[in-house]
Structure formats: structure tokens, C-alpha cells
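structure-v2.cif (mmCIF, C-alpha atoms) appears below.
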```
data_entry
#
loop_
_atom_site.label_atom_id
_atom_site.label_comp_id
_atom_site.auth_asym_id
_atom_site.auth_seq_id
_atom_site.Cartn_x
_atom_site.Cartn_y
_atom_site.Cartn_z
CA MET A 1 0.00 0.00 0.00
CA PRO A 2 1.75 3.16 -1.21
CA LYS A 3 2.01 6.09 1.15
CA ILE A 4 1.76 9.62 -0.20
CA ALA A 5 5.04 11.49 0.28
CA GLU A 6 4.06 14.77 -1.32
CA ILE A 7 1.34 16.44 -3.37
CA GLU A 8 2.35 18.95 -6.04
CA PRO A 9 0.36 21.24 -8.29
CA THR A 10 1.03 20.91 -12.03
CA PRO A 11 1.02 23.59 -14.74
CA ASN A 12 -2.53 22.39 -15.46
CA PRO A 13 -4.70 23.96 -12.72
CA ASN A 14 -7.10 21.02 -12.97
CA ALA A 15 -4.45 18.36 -12.24
CA MET A 16 -2.56 17.37 -9.08
CA LYS A 17 0.48 15.11 -8.86
CA PHE A 18 0.78 12.71 -5.91
CA ILE A 19 4.34 11.54 -5.25
CA LEU A 20 4.45 8.17 -3.50
CA LYS A 21 6.95 6.49 -1.19
CA GLU A 22 6.37 3.14 -2.92
CA PRO A 23 5.92 2.68 -6.68
CA LEU A 24 2.61 1.69 -8.23
CA THR A 25 4.34 0.24 -11.32
CA TRP A 26 7.85 -0.47 -12.51
CA GLY A 27 8.09 1.75 -15.59
CA ILE A 28 4.66 0.90 -16.98
CA THR A 29 2.45 3.87 -17.74
CA ARG A 30 -1.29 3.73 -17.07
CA SER A 31 -3.47 6.48 -18.53
CA TYR A 32 -7.26 6.69 -18.62
CA ASP A 33 -9.67 9.37 -19.82
CA ASN A 34 -12.79 7.65 -18.50
CA PRO A 35 -13.98 4.69 -16.41
CA ALA A 36 -14.61 2.51 -19.48
CA GLN A 37 -10.93 2.64 -20.40
CA ALA A 38 -10.02 1.74 -16.81
CA GLN A 39 -12.24 -1.33 -16.52
CA ASP A 40 -9.30 -3.62 -15.65
CA ASP A 41 -7.59 -1.22 -13.25
CA ALA A 42 -9.02 -1.19 -9.72
CA LEU A 43 -7.12 1.95 -8.65
CA ALA A 44 -8.24 4.00 -11.64
CA LEU A 45 -11.84 2.81 -11.28
CA ALA A 46 -11.85 3.77 -7.60
CA LEU A 47 -10.58 7.24 -8.51
CA PHE A 48 -13.16 7.66 -11.27
CA ASP A 49 -15.84 6.77 -8.71
CA ILE A 50 -14.99 10.08 -7.03
CA GLU A 51 -17.07 12.92 -8.42
CA HIS A 52 -15.26 15.38 -10.72
CA VAL A 53 -12.35 13.05 -11.68
CA THR A 54 -11.81 13.17 -15.47
CA ASN A 55 -8.37 11.59 -15.98
CA VAL A 56 -6.05 9.21 -14.12
CA PHE A 57 -2.40 8.80 -15.08
CA TYR A 58 0.30 6.98 -13.18
CA VAL A 59 3.72 5.42 -13.48
CA ASP A 60 6.32 4.36 -10.92
CA HIS A 61 6.28 6.66 -7.84
CA TRP A 62 3.63 9.15 -8.89
CA ILE A 63 0.04 9.51 -9.95
CA THR A 64 -1.66 12.50 -11.55
CA VAL A 65 -5.40 13.02 -11.20
CA THR A 66 -7.25 15.57 -13.30
CA GLN A 67 -10.61 17.03 -12.34
CA ASP A 68 -13.28 18.87 -14.30
CA GLY A 69 -12.54 22.21 -12.61
CA GLN A 70 -15.69 22.13 -10.49
CA ALA A 71 -14.25 20.63 -7.28
CA ASP A 72 -12.41 22.21 -4.37
CA TRP A 73 -8.90 20.72 -4.46
CA GLN A 74 -8.54 20.41 -0.68
CA GLU A 75 -11.70 18.35 -0.36
CA LEU A 76 -10.99 16.34 -3.49
CA MET A 77 -7.43 15.49 -2.41
CA ARG A 78 -8.72 14.01 0.86
CA LYS A 79 -11.07 11.75 -1.10
CA LEU A 80 -8.38 10.78 -3.64
CA ALA A 81 -5.89 9.85 -0.92
CA VAL A 82 -7.98 6.88 0.25
CA PRO A 83 -7.85 4.73 -2.94
CA ILE A 84 -4.28 5.81 -3.63
CA ARG A 85 -3.17 4.57 -0.19
CA ASP A 86 -5.20 1.36 -0.62
CA ALA A 87 -3.70 0.53 -4.03
CA PRO A 88 -1.39 -2.46 -4.37
CA GLY A 89 2.27 -1.61 -4.86
CA ALA A 90 4.29 -2.30 -7.98
CA ASP A 91 5.51 -5.71 -6.93
CA ALA A 92 1.94 -6.95 -6.59
CA GLN A 93 0.83 -5.89 -10.06
CA SER A 94 3.97 -5.57 -12.25
CA GLU A 95 3.75 -8.90 -14.00
CA GLN A 96 0.16 -8.34 -15.13
CA LEU A 97 0.78 -4.74 -16.23
CA ALA A 98 3.93 -5.67 -18.17
CA ALA A 99 2.01 -8.27 -20.16
CA GLN A 100 -0.78 -5.78 -20.96
CA ALA A 101 1.63 -3.02 -21.99
CA THR A 102 3.64 -5.32 -24.25
CA ALA A 103 0.46 -6.44 -26.00
CA ALA A 104 -0.72 -2.84 -26.50
CA VAL A 105 2.44 -1.56 -28.23
CA SER A 106 2.70 -3.02 -31.71
CA THR A 107 4.92 -1.92 -34.59
CA GLU A 108 4.28 -5.02 -36.69
CA HIS A 109 2.67 -3.01 -39.49
CA LEU A 110 5.72 -0.73 -39.86
CA SER A 111 8.54 -1.35 -42.32
CA ASP A 112 12.06 -1.75 -40.96
CA ALA A 113 12.87 1.77 -42.17
CA ASP A 114 9.84 3.23 -40.34
CA LYS A 115 10.71 1.27 -37.18
CA SER A 116 14.18 2.82 -37.30
CA ARG A 117 12.67 6.30 -37.81
CA LEU A 118 10.32 5.73 -34.88
CA ASP A 119 13.20 4.54 -32.66
CA LYS A 120 15.12 7.76 -33.42
CA ILE A 121 12.05 9.89 -32.68
CA ASN A 122 11.39 8.06 -29.39
CA GLU A 123 15.03 8.49 -28.42
CA ILE A 124 14.86 12.27 -28.82
CA LEU A 125 11.50 12.36 -26.97
CA ASP A 126 12.98 10.24 -24.14
CA GLU A 127 15.96 12.57 -23.80
CA GLN A 128 14.46 16.00 -24.35
CA VAL A 129 10.69 15.93 -23.79
CA ARG A 130 9.39 13.17 -21.54
CA PRO A 131 11.47 14.06 -18.45
CA TYR A 132 9.92 17.54 -18.40
CA LEU A 133 6.40 16.31 -19.00
CA GLN A 134 6.81 13.67 -16.27
CA GLY A 135 8.14 16.34 -13.92
CA ASP A 136 4.84 18.15 -14.39
CA GLY A 137 2.70 15.05 -13.82
CA GLY A 138 2.17 13.96 -17.41
CA ASP A 139 3.74 12.15 -20.31
CA LEU A 140 3.57 11.64 -24.05
CA TYR A 141 2.75 8.41 -25.87
CA VAL A 142 3.53 7.91 -29.55
CA MET A 143 0.39 6.50 -31.16
CA GLY A 144 1.74 5.96 -34.63
CA LEU A 145 3.85 6.96 -37.58
CA GLU A 146 2.31 7.15 -41.02
CA GLY A 147 4.38 8.69 -43.79
CA ASN A 148 5.53 12.05 -42.44
CA THR A 149 2.86 12.29 -39.73
CA LEU A 150 3.69 11.38 -36.15
CA THR A 151 0.61 10.95 -33.96
CA VAL A 152 1.06 11.51 -30.21
CA HIS A 153 -1.22 11.39 -27.20
CA TYR A 154 -0.65 13.43 -24.05
CA GLN A 155 -1.22 11.68 -20.75
CA GLY A 156 -1.91 12.80 -17.20
CA ALA A 157 -1.79 16.51 -16.46
CA CYS A 158 -0.63 17.19 -20.01
CA GLY A 159 -3.79 15.68 -21.49
CA SER A 160 -5.97 18.70 -20.78
CA CYS A 161 -3.32 21.39 -20.35
CA PRO A 162 -3.65 24.25 -22.86
CA SER A 163 0.15 24.64 -23.16
CA SER A 164 0.49 20.99 -24.25
CA ILE A 165 -1.66 21.48 -27.30
CA SER A 166 0.05 24.70 -28.34
CA GLY A 167 3.59 25.39 -27.10
CA THR A 168 4.71 21.91 -26.17
CA LEU A 169 3.41 20.39 -29.40
CA ALA A 170 5.26 23.01 -31.47
CA GLY A 171 8.43 22.33 -29.47
CA ILE A 172 8.11 18.60 -30.07
CA GLU A 173 7.58 19.16 -33.78
CA ASN A 174 10.70 21.37 -33.93
CA LEU A 175 12.77 18.66 -32.19
CA VAL A 176 11.48 15.93 -34.47
CA LYS A 177 12.17 18.10 -37.53
CA GLN A 178 15.86 18.06 -36.56
CA ILE A 179 15.93 14.42 -37.63
CA GLU A 180 12.90 14.38 -39.97
CA PRO A 181 12.58 17.84 -41.64
CA ASP A 182 9.19 17.10 -43.25
CA MET A 183 7.58 15.59 -40.16
CA GLU A 184 4.23 16.86 -38.87
CA VAL A 185 3.26 16.09 -35.26
CA VAL A 186 -0.44 15.70 -34.47
CA ALA A 187 -1.90 15.33 -30.97
CA VAL A 188 -4.96 13.10 -30.53
#
```
Can you give me the file's structure in the form of C-alpha cells?
Amino acid sequence: MPKIAEIEPTPNPNAMKFILKEPLTWGITRSYDNPAQAQDDALALALFDIEHVTNVFYVDHWITVTQDGQADWQELMRKLAVPIRDAPGADAQSEQLAAQATAAVSTEHLSDADKSRLDKINEILDEQVRPYLQGDGGDLYVMGLEGNTLTVHYQGACGSCPSSISGTLAGIENLVKQIEPDMEVVAV
């Protein structure tokens, strides 16, 4: 059962980041925009059962919860703390989550050349983008690569943050254009 070490605001005023003393996962990202997506995740479902919760995102030692902007954060944080503290730690759920994550990420339809392009893009995102997004309670998931269009999905606090859709997306596109000059980055 993870204990909450700290609670931090994020650049998104509707999202809070809970830093935990014990990890929830070992490097496996969980991101949900609604209860239907979270049907196999007891922690996320418990959080969605709390009124005003619109997004749940977690990995390792932190979890970000986004609300609809209608709740008082002090009251909401007290309610959120209960399922977070009751959640099983990473050791208890890692094997199951690893199997699910491996099944979800598939590049089988890509040519070897496109797989190589995608590896280079992910490398630059891992080095220059994801650490900052994770520091603010979010992340970025590459959904696909088709021709010169890279499709990405923001997770956690970044999912509904206005700066993600404008400034951050333009910054990502500029980075990717360093290795793929004709690349367009689209957020979904």
C-alpha cells in the first residue's frame, strides 16, 4: 500500500500530482480518460468513482489526477488519498501490467525503415521531452507513424493542459524536424 510522500500542483490547474513512497508500477504507464478505459484497473476505477475526476495517469512513484474544474482541491485530495493509499504496490501488479503493456504496443505493421525512424524519434523524446512532462505530472505516448505524420497522445496533467496542445506540441515538432525535416506532429 503506497504512502503519499508529497502532493504537487502541475502547470494544469485542474491536475494534481501525488508523489508516493512506494511505486505503483515499474516503468509501466497507465493512462485513462474515463472509467470505461479503466475497466481492468481497480485503482483508476476507484478514482473515477470520485465525483469530478476526469483523468487518471500513473507510473512508478507518482500519480496524476485531473478534475473537471468544479471541485475544491482540498476536499478532493482528501477523497483521492484513500484509494491511492489502498492501491497495491508495484511488486503486486507488475507482471500483469507488463504483459498488458507489451500487448498494446505493436509496430508489426511498420517497415524496418519506419521502425528505425520511430526509434530515433522516441530516443529524442525520451531525452528532451518526456522528463519535463513527467516532472509536471504527465507524459507523451507515440500512437503511430504514417508517412511524415507522427501521432502523439498526451497523458496525465498534459492531457488537458492548454500549453500541451500549443507550445509543447510546437516544441516537439521542432525537435522531431531536426531528424525528420518534413515531419508533422499531431496530438490526438
Any idea what's packed within 8 Å of region 120-125 of chain A, counting only C-alpha atoms, ignoring anything in its chain fewer than 2 positions away? Could you give it as a PyMOL selection string?
-> chain A and resi 116-118+127-130+142+172+175-176+179
Just write the chosen residues, C-alpha atoms, as an mmCIF file, keeping the file's coordinate frame.
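again.cif was written with the following content:
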```cif
data_model
loop_
_atom_site.group_PDB
_atom_site.id
_atom_site.type_symbol
_atom_site.label_atom_id
_atom_site.label_comp_id
_atom_site.auth_asym_id
_atom_site.auth_seq_id
_atom_site.Cartn_x
_atom_site.Cartn_y
_atom_site.Cartn_z
ATOM 1 C CA SER A 116 14.180 2.820 -37.300
ATOM 2 C CA ARG A 117 12.670 6.300 -37.810
ATOM 3 C CA LEU A 118 10.320 5.730 -34.880
ATOM 4 C CA GLU A 127 15.960 12.570 -23.800
ATOM 5 C CA GLN A 128 14.460 16.000 -24.350
ATOM 6 C CA VAL A 129 10.690 15.930 -23.790
ATOM 7 C CA ARG A 130 9.390 13.170 -21.540
ATOM 8 C CA VAL A 142 3.530 7.910 -29.550
ATOM 9 C CA ILE A 172 8.110 18.600 -30.070
ATOM 10 C CA LEU A 175 12.770 18.660 -32.190
ATOM 11 C CA VAL A 176 11.480 15.930 -34.470
ATOM 12 C CA ILE A 179 15.930 14.420 -37.630
#
```
Given the PyMOL selection byres ((chain A and resi 71) around 12), the residues it picks as a JSON list (two decimals) with C-alpha atoms, in the frame of the given file:
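Once written, part05.json looks like this:
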```
[["chain", "number", "residue", "atom", "x", "y", "z"],
["A", 13, "PRO", "CA", -4.70, 23.96, -12.72],
["A", 14, "ASN", "CA", -7.10, 21.02, -12.97],
["A", 15, "ALA", "CA", -4.45, 18.36, -12.24],
["A", 50, "ILE", "CA", -14.99, 10.08, -7.03],
["A", 51, "GLU", "CA", -17.07, 12.92, -8.42],
["A", 52, "HIS", "CA", -15.26, 15.38, -10.72],
["A", 53, "VAL", "CA", -12.35, 13.05, -11.68],
["A", 54, "THR", "CA", -11.81, 13.17, -15.47],
["A", 66, "THR", "CA", -7.25, 15.57, -13.30],
["A", 67, "GLN", "CA", -10.61, 17.03, -12.34],
["A", 68, "ASP", "CA", -13.28, 18.87, -14.30],
["A", 69, "GLY", "CA", -12.54, 22.21, -12.61],
["A", 70, "GLN", "CA", -15.69, 22.13, -10.49],
["A", 72, "ASP", "CA", -12.41, 22.21, -4.37],
["A", 73, "TRP", "CA", -8.90, 20.72, -4.46],
["A", 74, "GLN", "CA", -8.54, 20.41, -0.68],
["A", 75, "GLU", "CA", -11.70, 18.35, -0.36],
["A", 76, "LEU", "CA", -10.99, 16.34, -3.49],
["A", 77, "MET", "CA", -7.43, 15.49, -2.41],
["A", 78, "ARG", "CA", -8.72, 14.01, 0.86],
["A", 79, "LYS", "CA", -11.07, 11.75, -1.10]]
```
Apply the PyMOL selection byres ((chain A and resi 34) around 8) to the file shown and report the selected residues as a list in words.
-> Tyr32, Asp33, Pro35, Ala36, Gln37, Ala38, Phe48, Thr54 and Asn55 of chain A
Write a file of the selected residues as a PDB file, in the frame of the given file, keeping C-alpha atoms.
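Result saved to again15.pdb:
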```pdb
ATOM      1  CA  TYR A  32      -7.260   6.690 -18.620  1.00  0.00           C
ATOM      2  CA  ASP A  33      -9.670   9.370 -19.820  1.00  0.00           C
ATOM      3  CA  PRO A  35     -13.980   4.690 -16.410  1.00  0.00           C
ATOM      4  CA  ALA A  36     -14.610   2.510 -19.480  1.00  0.00           C
ATOM      5  CA  GLN A  37     -10.930   2.640 -20.400  1.00  0.00           C
ATOM      6  CA  ALA A  38     -10.020   1.740 -16.810  1.00  0.00           C
ATOM      7  CA  PHE A  48     -13.160   7.660 -11.270  1.00  0.00           C
ATOM      8  CA  THR A  54     -11.810  13.170 -15.470  1.00  0.00           C
ATOM      9  CA  ASN A  55      -8.370  11.590 -15.980  1.00  0.00           C
TER      10      ASN A  55
END
```
Counting all atoms listed in the file, the option among A:His109, A:Lys3, A:Lys177, A:His153 closest to Gly89 (chain A) =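 Among A:His109, A:Lys3, A:Lys177, A:His153, it is A:Lys3 that comes nearest to Gly89 (chain A).
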Just how far from CA of Thr168 (chain A) is CA of Asp60 (chain A), in Å to one decimal?
-> 23.3 Å
Step by step, work through what the PyMOL selection byres ((chain A and resi 7) around 12) selects in the shown file, and finish by giving those residues as number ranges by chain.
-> A: 3-6, 8-10, 15-21, 61-65, 73-74, 77-78, 80-81, 136-137
Residues of the last selection are to be written out with C-alpha atoms, as a CSV table (one decimal), in the frame of the given file.
```
chain,number,residue,atom,x,y,z
A,3,LYS,CA,2.0,6.1,1.2
A,4,ILE,CA,1.8,9.6,-0.2
A,5,ALA,CA,5.0,11.5,0.3
A,6,GLU,CA,4.1,14.8,-1.3
A,8,GLU,CA,2.4,19.0,-6.0
A,9,PRO,CA,0.4,21.2,-8.3
A,10,THR,CA,1.0,20.9,-12.0
A,15,ALA,CA,-4.4,18.4,-12.2
A,16,MET,CA,-2.6,17.4,-9.1
A,17,LYS,CA,0.5,15.1,-8.9
A,18,PHE,CA,0.8,12.7,-5.9
A,19,ILE,CA,4.3,11.5,-5.2
A,20,LEU,CA,4.4,8.2,-3.5
A,21,LYS,CA,7.0,6.5,-1.2
A,61,HIS,CA,6.3,6.7,-7.8
A,62,TRP,CA,3.6,9.2,-8.9
A,63,ILE,CA,0.0,9.5,-10.0
A,64,THR,CA,-1.7,12.5,-11.6
A,65,VAL,CA,-5.4,13.0,-11.2
A,73,TRP,CA,-8.9,20.7,-4.5
A,74,GLN,CA,-8.5,20.4,-0.7
A,77,MET,CA,-7.4,15.5,-2.4
A,78,ARG,CA,-8.7,14.0,0.9
A,80,LEU,CA,-8.4,10.8,-3.6
A,81,ALA,CA,-5.9,9.8,-0.9
A,136,ASP,CA,4.8,18.2,-14.4
A,137,GLY,CA,2.7,15.0,-13.8
```
Given all atoms listed in the file as the counted atoms, nearest of A:Gly144, A:Gly27, A:Pro83, A:Pro11 to Gly156 (chain A) =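 Looking only at the distances to Gly156 (chain A), the closest residue turns out to be A:Pro11.
Using all atoms listed in the file, the smallest distance between any of A:Pro2, A:Glu108, A:Gly135, A:Ala157 and Val82 (chain A) comes from A:Pro2.
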So how many Å separate CA of Glu146 (chain A) and CA of Val186 (chain A), to one decimal?
->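 Those two atoms sit 11.1 Å apart.
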When you draw a straight line from CA of Gly167 (chain A) to CA of Gln155 (chain A), how long is it in Å?
->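 One can read the CA of Gly167 (chain A) to CA of Gln155 (chain A) distance as 15.9 Å.
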So which one's closest to Lys115 (chain A), A:Ala44, A:Leu145, A:Ala87, A:Leu140? Using only C-alpha atoms, please.
->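 Closest to Lys115 (chain A), using only C-alpha atoms: A:Leu145.
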When distances are computed from only C-alpha atoms, which of A:Asn148, A:Ile28, A:Gly138, A:Glu22 shows the smallest separation from Pro181 (chain A)?
->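 Closest to Pro181 (chain A), using only C-alpha atoms: A:Asn148.
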Residue with smallest distance to Phe57 (chain A) - pool A:Leu110, A:Tyr154, A:Asp40, A:Met143, counting all atoms listed in the file |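 Of the candidates, the smallest distance to Phe57 (chain A) is held by A:Tyr154.
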